[in-house]
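A.B. asks: Mind having a look at this structure? Questions to follow.
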Amino acid sequence: MILEKLDALSSLPMHMPGHKRNAAAFPWLKGLCERDITEIEGFDDLNDPAEDFSAMERAAAELWGAKESVALVGGSTLGVLASVLAVLGDGRELLMCRASHRSVYHAAELTKARTRYLTPPVDPALGIPLSVTPEAVAAALETHPDVGLVCVTSPTYEGVVSDIPAIAEVCHARAVPLLVDEAHGAHLGFGGFPRSAVAAGADLVVQSLHKTLPSLTQTALLHINPGLVDPLRVRRTVGMLQTSSPSYLLSASIEGCVRFMEREGEAAADCWLALLRDFRAGARSLYNIRLYNGGAGVFALDPSKLLLMGEEALAPRLRREHGIEPEYARGPLTLCMTGLGDTKASLDRLLTALLTLDRTARPPQTAPIPAPALPEQVLPLHEAMAAPGRLLPAREALGRVAGEYAWAYPPGVPCLVPGERVDEGVLETLNRAGTLHFTHKHGPESIFCVDLPGKMV
Ligand SMILES: Cc1ncc(COP(=O)(O)O)c(C=O)c1O
């Protein structure tokens, strides 16, 4: 184990990093720098794994059911970028969910791939995207024969799972590889949780270990099932994008997590699931707050995401009156994410808080932000990003083409994508979306629009 080797280190470090494991001199590094080294004799290199890291990756592949797995210290973001870059780049298009994480858009931008969108139905009461259907993927592939990669987010941020086995079949019938952004589903396939995309036939699956499993932030896995994708090319792309000095703290965290899941993953997942069942049973007594349980248009729901519909004050009250910090809150929706580290005590505390708040809570006063109709895609996003432009007051942007992204974080799904025409629906979404991040770092009163002389954009 890497961790044991790190703890046994006694040599004088005449190598990087510059803190020299000297916690006494740099107290802010206490508990951190002691295990922080560079690639030295006896320690494997994550970018060229041959010993411990190679064994860890083989163990991960076996555990999740992939042919090959790659450990990442740059999050699922790195996995998405590397996957898309490794597969596309020959002028073929990317078929992706419009509600994809911005890393998928950035990947499209880097490869200069034209994006085509899957727009799954939206839950009318909650405004969240539901499952992508195999029929929708088949229809999109029929309409867009130049698609060279399909990317589906499953589970979504809110826990909605799509029928990956059927979607994989549709893609493979056309020899198009399927990338599943399973960033929020590293726990899928363990115990009674829904099946993971890795075992369901996807060619590339990206999972953030840190989102639901016991591992440090930034740690992730990229699973590869070769056939339509070349694992060597994928690894080479990871090597290009990942730092040449991968943190041993993070790498040791991945190894610890993989080994833990190997030993106890099934039992731990079932234990977590039993706690979630109890929570959901207790939540049936809620009257003014509603806990989402899936429904029509949902292939499967990851029960670990506790999506609550209630009054706007729910999240601030959870925070202020009960010391509970939700993952996300917008309008009537509050999302509490659970993880393998949750306990009976933590879930009981959340349930008690909700039951208490429910007594004085008002029913939801506001409607969720409606999903806008897909704006017209005027320019490929890489072209729009490269085009000259200027910042305009939002109202003056109406009818023009955006030259930047706008997204709220979380969940990091762009409300506006470069190359899209700013229409009334876009302005309405931006108005209601809360705190937004714009590429050009300005406030919500303006939008950067492309300015192509002589072209009616
Ligand atoms: C759906 C989805 N995909 C990918 C990512 C990127 O994951 P990471 O933070 O591990 O880079 C996120 C992050 O929030 C996400 O929500």
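Labels used: A, B, ... for chains in the order of the structure tokens, numbers from 1 for residues in each chain, and numbers from 1 for ligands as shown.
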Report as CSV the residues of range 171-244 of chain A within 10 Å of range 302-326 of chain A, each with its shortest atom pair and distance in Å (one decimal), using only C-alpha atoms, ordered by chain and increasing residue number.
C.D. replies:
```
residue,atom,partner,partner_atom,distance
A:His184,CA,A:Asp302,CA,9.4
A:Gly185,CA,A:Asp302,CA,8.1
A:His187,CA,A:Ser304,CA,9.5
A:Leu188,CA,A:Asp302,CA,8.1
A:Phe193,CA,A:Asp302,CA,6.9
A:Pro194,CA,A:Asp302,CA,6.7
A:Arg195,CA,A:Asp302,CA,9.8
A:Thr212,CA,A:Ser304,CA,8.8
```
A.B. asks: Dump C-alpha atoms for the selected residues as a PDB file, in the first residue's frame?
C.D. replies:
```pdb
ATOM      1  CA  HIS A 184     -22.152  11.301  -9.200  1.00  0.00           C
ATOM      2  CA  GLY A 185     -22.425   7.513  -9.311  1.00  0.00           C
ATOM      3  CA  HIS A 187     -21.238   3.897  -5.741  1.00  0.00           C
ATOM      4  CA  LEU A 188     -23.579   2.489  -8.389  1.00  0.00           C
ATOM      5  CA  PHE A 193     -27.831   0.554  -5.807  1.00  0.00           C
ATOM      6  CA  PRO A 194     -28.778   0.788  -9.505  1.00  0.00           C
ATOM      7  CA  ARG A 195     -26.366  -0.793 -11.968  1.00  0.00           C
ATOM      8  CA  THR A 212     -20.045   9.737  -2.964  1.00  0.00           C
TER       9      THR A 212
END
```
A.B. asks: What residues have any atom no more than 8 Å from ligand 1 when counting only C-alpha atoms and all ligand atoms, and can you list them as a PyMOL selection string?
C.D. replies: chain A and resi 74-80+100-104+153-157+181-184+206-211+217-220+410-413
A.B. asks: Pull C-alpha atoms from the residues just selected and write them as a compact mmCIF listing (two decimals), in the first residue's frame.
C.D. replies:
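The resulting file, selection07.txt, is reproduced below:
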```txt
# COMPACT_ATOMS: atom_id res chain seq x y z
CA GLY A 74 -7.97 15.95 -11.68
CA GLY A 75 -11.52 14.87 -10.95
CA SER A 76 -14.11 13.69 -13.43
CA THR A 77 -13.36 16.92 -15.27
CA LEU A 78 -10.05 15.43 -16.38
CA GLY A 79 -11.72 12.12 -17.28
CA VAL A 80 -14.31 13.84 -19.46
CA SER A 100 -24.14 18.31 -19.30
CA HIS A 101 -21.53 19.54 -16.87
CA ARG A 102 -19.39 22.31 -18.32
CA SER A 103 -16.42 19.92 -18.64
CA VAL A 104 -18.23 18.25 -21.55
CA THR A 153 -24.88 12.09 -17.80
CA SER A 154 -26.18 9.30 -15.58
CA PRO A 155 -26.93 9.69 -12.75
CA THR A 156 -27.66 13.37 -13.03
CA TYR A 157 -26.82 15.77 -10.23
CA ASP A 181 -20.53 10.92 -17.09
CA GLU A 182 -21.11 8.92 -13.91
CA ALA A 183 -19.38 11.55 -11.78
CA HIS A 184 -22.15 11.30 -9.20
CA VAL A 206 -16.01 8.71 -15.60
CA GLN A 207 -16.61 8.58 -11.84
CA SER A 208 -15.71 11.07 -9.13
CA LEU A 209 -14.66 8.97 -6.16
CA HIS A 210 -14.85 12.07 -4.00
CA LYS A 211 -18.52 12.81 -4.62
CA THR A 217 -11.70 15.88 -3.42
CA GLN A 218 -10.26 15.70 -6.97
CA THR A 219 -9.97 11.90 -6.99
CA ALA A 220 -11.69 10.04 -9.80
CA PRO A 410 -23.37 24.00 -8.56
CA PRO A 411 -24.34 22.17 -10.70
CA GLY A 412 -22.05 23.67 -13.38
CA VAL A 413 -24.50 23.16 -16.22
```
A.B. asks: Excluding same-chain residues fewer than 5 positions from range 19-32 of chain A, what lies within 8 Å of it counting only C-alpha atoms, as a list in words?
C.D. replies: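 Listing them by chain and then by number gives Pro13, Met14 and Leu249 of chain A.
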A.B. asks: Find the residues around Val205 in chain A up to 9 Å (only C-alpha atoms counted), leave out those fewer than 3 positions away in its own chain, and share them as a list of chain:residue names.
C.D. replies: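 Skipping anything fewer than 3 positions along the chain leaves A:Gly79, A:Val80, A:Ser83, A:Leu178, A:Leu179, A:Val180, A:Asp181, A:Glu182, A:Ala183, A:Ala197, A:Val198, A:Ala202, A:Leu221, A:Leu222, A:His223, A:Ile224, A:Asn225.
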A.B. asks: Quick one: residues within 10 Å of Met261 in chain A, only C-alpha atoms counted, chain neighbours fewer than 2 positions away excluded, as a PDB file with C-alpha atoms, in the first residue's frame?
C.D. replies:
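Contents of the output file around-v4.pdb:
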```
ATOM      1  CA  ALA A  59      -8.233  -3.828  -8.735  1.00  0.00           C
ATOM      2  CA  ALA A  60     -10.517  -0.914  -9.662  1.00  0.00           C
ATOM      3  CA  LEU A  63     -14.263  -4.202  -8.957  1.00  0.00           C
ATOM      4  CA  TRP A  64     -16.317  -1.944 -11.236  1.00  0.00           C
ATOM      5  CA  HIS A 187     -21.238   3.897  -5.741  1.00  0.00           C
ATOM      6  CA  PHE A 190     -22.518  -1.787  -5.113  1.00  0.00           C
ATOM      7  CA  LEU A 213     -17.258   7.435  -1.755  1.00  0.00           C
ATOM      8  CA  PRO A 214     -14.624   7.870   0.969  1.00  0.00           C
ATOM      9  CA  GLU A 255      -5.825   3.413  -3.389  1.00  0.00           C
ATOM     10  CA  GLY A 256      -7.387   3.437   0.077  1.00  0.00           C
ATOM     11  CA  CYS A 257     -10.848   3.947  -1.408  1.00  0.00           C
ATOM     12  CA  VAL A 258     -10.473   1.193  -4.016  1.00  0.00           C
ATOM     13  CA  ARG A 259      -9.148  -1.273  -1.438  1.00  0.00           C
ATOM     14  CA  ARG A 263     -13.156  -5.387   1.019  1.00  0.00           C
ATOM     15  CA  GLU A 264     -16.326  -3.778   2.276  1.00  0.00           C
ATOM     16  CA  GLY A 265     -18.034  -2.018  -0.634  1.00  0.00           C
ATOM     17  CA  GLU A 266     -20.993  -4.386  -0.902  1.00  0.00           C
ATOM     18  CA  ALA A 267     -21.765  -4.428   2.796  1.00  0.00           C
ATOM     19  CA  ALA A 268     -21.137  -0.710   3.258  1.00  0.00           C
ATOM     20  CA  ALA A 269     -23.397   0.142   0.302  1.00  0.00           C
TER      21      ALA A 269
END
```
A.B. asks: Range 110-356 of chain A: which residues are strand (DSSP E or B) by DSSP, as number ranges by chain?
C.D. replies: A: 115-118, 122, 129, 147-153, 160-161, 178-181, 204-208, 220-224, 290-291, 300-301, 305-309, 328-330, 333-337
A.B. asks: When distances are computed from only C-alpha atoms, which of A:Ala86, A:Asn293, A:Gly127, A:His382 shows the smallest separation from Gly331 in chain A?
C.D. replies: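 Going through A:Ala86, A:Asn293, A:Gly127, A:His382 one by one, the smallest distance to Gly331 in chain A is for A:Gly127.
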A.B. asks: Which is closer to Asp278 in chain A than all the others in A:Ala345, A:Ala200, A:Cys415, A:Val426, using only C-alpha atoms?
C.D. replies: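 Looking only at the distances to Asp278 in chain A, the closest residue turns out to be A:Ala345.
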A.B. asks: Go ahead and compute the interatomic distance for CA of Met16 in chain A and CA of Ser245 in chain A, in Å to one decimal.
C.D. replies: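 We find that CA of Met16 in chain A and CA of Ser245 in chain A lie 10.0 Å from each other.
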A.B. asks: Closest to Gly389 in chain A among A:Ser346, A:Glu41, A:Ala353, A:Cys449, using only C-alpha atoms?
C.D. replies: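 Closest candidate: A:Cys449.
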A.B. asks: Within 10 Å of Glu4 in chain A, counting only C-alpha atoms, which residues qualify if same-chain residues fewer than 3 places away don't, as a ChimeraX atom specification?
C.D. replies: /A:1,7-9,35,252
A.B. asks: Write the selection just made, keeping C-alpha atoms, as an mmCIF file, in the first residue's frame?
C.D. replies:
```cif
data_model
loop_
_atom_site.group_PDB
_atom_site.id
_atom_site.type_symbol
_atom_site.label_atom_id
_atom_site.label_comp_id
_atom_site.auth_asym_id
_atom_site.auth_seq_id
_atom_site.Cartn_x
_atom_site.Cartn_y
_atom_site.Cartn_z
ATOM 1 C CA MET A 1 0.000 0.000 0.000
ATOM 2 C CA ASP A 7 4.227 6.561 6.570
ATOM 3 C CA ALA A 8 7.475 4.572 6.693
ATOM 4 C CA LEU A 9 9.490 7.311 4.932
ATOM 5 C CA ARG A 35 2.860 12.271 3.198
ATOM 6 C CA ALA A 252 -3.043 7.226 -1.698
#
```
A.B. asks: Would you mind telling me which residue in A:Pro129, A:Ile254, A:Ala166, A:Ala373 lies nearest to Glu57 in chain A when using only C-alpha atoms?
C.D. replies: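 For Glu57 in chain A, the nearest of the given residues is A:Ile254.
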A.B. asks: Write down as a short mmCIF file (atom, residue, chain, number, x, y, z; two decimals) with C-alpha atoms, in the first residue's frame the residues of range 236-356 of chain A whose backbone DSSP state falls under alpha helix (DSSP H).
C.D. replies:
```
data_model
loop_
_atom_site.label_atom_id
_atom_site.label_comp_id
_atom_site.auth_asym_id
_atom_site.auth_seq_id
_atom_site.Cartn_x
_atom_site.Cartn_y
_atom_site.Cartn_z
CA ARG A 236 -1.85 9.15 -23.45
CA THR A 237 -4.49 11.89 -23.41
CA VAL A 238 -4.83 11.60 -19.63
CA GLY A 239 -1.03 11.93 -19.43
CA MET A 240 -1.18 15.11 -21.52
CA LEU A 241 -3.85 16.76 -19.39
CA TYR A 248 0.64 11.22 -3.48
CA LEU A 249 -1.93 12.29 -0.90
CA LEU A 250 -4.63 12.07 -3.54
CA SER A 251 -3.21 8.91 -5.10
CA ALA A 252 -3.04 7.23 -1.70
CA SER A 253 -6.64 8.29 -1.13
CA ILE A 254 -7.67 6.57 -4.39
CA GLU A 255 -5.82 3.41 -3.39
CA GLY A 256 -7.39 3.44 0.08
CA CYS A 257 -10.85 3.95 -1.41
CA VAL A 258 -10.47 1.19 -4.02
CA ARG A 259 -9.15 -1.27 -1.44
CA PHE A 260 -11.95 -0.35 0.98
CA MET A 261 -14.59 -0.88 -1.71
CA GLU A 262 -12.95 -4.20 -2.58
CA ARG A 263 -13.16 -5.39 1.02
CA GLU A 264 -16.33 -3.78 2.28
CA GLY A 265 -18.03 -2.02 -0.63
CA GLU A 266 -20.99 -4.39 -0.90
CA ALA A 267 -21.76 -4.43 2.80
CA ALA A 268 -21.14 -0.71 3.26
CA ALA A 269 -23.40 0.14 0.30
CA ASP A 270 -26.19 -2.07 1.65
CA CYS A 271 -25.84 -0.50 5.05
CA TRP A 272 -26.07 2.99 3.49
CA LEU A 273 -29.07 1.88 1.45
CA ALA A 274 -30.84 0.60 4.56
CA LEU A 275 -30.29 4.00 6.22
CA LEU A 276 -31.71 5.69 3.13
CA ARG A 277 -34.76 3.42 3.18
CA ASP A 278 -35.38 4.35 6.82
CA PHE A 279 -34.92 8.01 5.97
CA ARG A 280 -37.35 7.84 3.08
CA ALA A 281 -39.88 5.95 5.22
CA GLY A 282 -39.60 8.65 7.91
CA LEU A 314 -35.75 25.65 3.66
CA ALA A 315 -32.01 25.68 2.94
CA PRO A 316 -31.26 28.83 5.02
CA ARG A 317 -33.31 27.42 7.88
CA LEU A 318 -31.55 24.05 7.72
CA ARG A 319 -28.27 25.96 7.88
CA ARG A 320 -29.21 28.49 10.54
CA GLU A 321 -31.48 26.56 12.84
CA HIS A 322 -30.02 23.06 12.51
CA LYS A 344 -27.60 6.61 11.18
CA ALA A 345 -26.87 9.63 13.36
CA SER A 346 -26.33 12.00 10.40
CA LEU A 347 -29.45 10.87 8.55
CA ASP A 348 -31.55 10.87 11.74
CA ARG A 349 -30.38 14.42 12.38
CA LEU A 350 -31.42 15.53 8.92
CA LEU A 351 -34.78 13.82 9.21
CA THR A 352 -35.47 15.32 12.64
CA ALA A 353 -34.58 18.78 11.31
CA LEU A 354 -36.89 18.36 8.32
CA LEU A 355 -39.76 17.08 10.47
CA THR A 356 -39.30 20.07 12.78
#
```
A.B. asks: Which residues come within 8 Å of Arg330 in chain A, counting only C-alpha atoms, excluding same-chain residues fewer than 3 positions away, as a ChimeraX atom specification?
C.D. replies: /A:312,333-334,368,433-434
A.B. asks: Next, the residues of the selection above should be written as a PDB file, in the first residue's frame with N, CA and C atoms.
C.D. replies:
```pdb
ATOM      1  N   GLU A 312     -38.737  28.433  -0.121  1.00  0.00           N
ATOM      2  CA  GLU A 312     -37.385  28.934  -0.422  1.00  0.00           C
ATOM      3  C   GLU A 312     -36.508  29.000   0.817  1.00  0.00           C
ATOM      4  N   LEU A 333     -36.280  24.116  -4.620  1.00  0.00           N
ATOM      5  CA  LEU A 333     -35.531  22.855  -4.536  1.00  0.00           C
ATOM      6  C   LEU A 333     -34.338  22.959  -3.592  1.00  0.00           C
ATOM      7  N   THR A 334     -34.197  21.949  -2.767  1.00  0.00           N
ATOM      8  CA  THR A 334     -33.017  21.836  -1.913  1.00  0.00           C
ATOM      9  C   THR A 334     -32.501  20.409  -2.078  1.00  0.00           C
ATOM     10  N   PRO A 368     -40.279  26.001  -9.834  1.00  0.00           N
ATOM     11  CA  PRO A 368     -38.878  25.806 -10.228  1.00  0.00           C
ATOM     12  C   PRO A 368     -38.576  26.577 -11.512  1.00  0.00           C
ATOM     13  N   ALA A 433     -31.862  32.496 -12.565  1.00  0.00           N
ATOM     14  CA  ALA A 433     -30.943  31.412 -12.206  1.00  0.00           C
ATOM     15  C   ALA A 433     -30.102  31.680 -10.952  1.00  0.00           C
ATOM     16  N   GLY A 434     -30.261  32.804 -10.301  1.00  0.00           N
ATOM     17  CA  GLY A 434     -29.473  33.069  -9.087  1.00  0.00           C
ATOM     18  C   GLY A 434     -28.079  33.525  -9.454  1.00  0.00           C
TER      19      GLY A 434
END
```
A.B. asks: So, counting only C-alpha atoms, which residue among A:Leu379, A:Ala173, A:Ala50, A:Leu430 is closest to Arg395 in chain A?
C.D. replies: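 Of A:Leu379, A:Ala173, A:Ala50, A:Leu430, the one nearest Arg395 in chain A, counting only C-alpha atoms, is A:Leu430.
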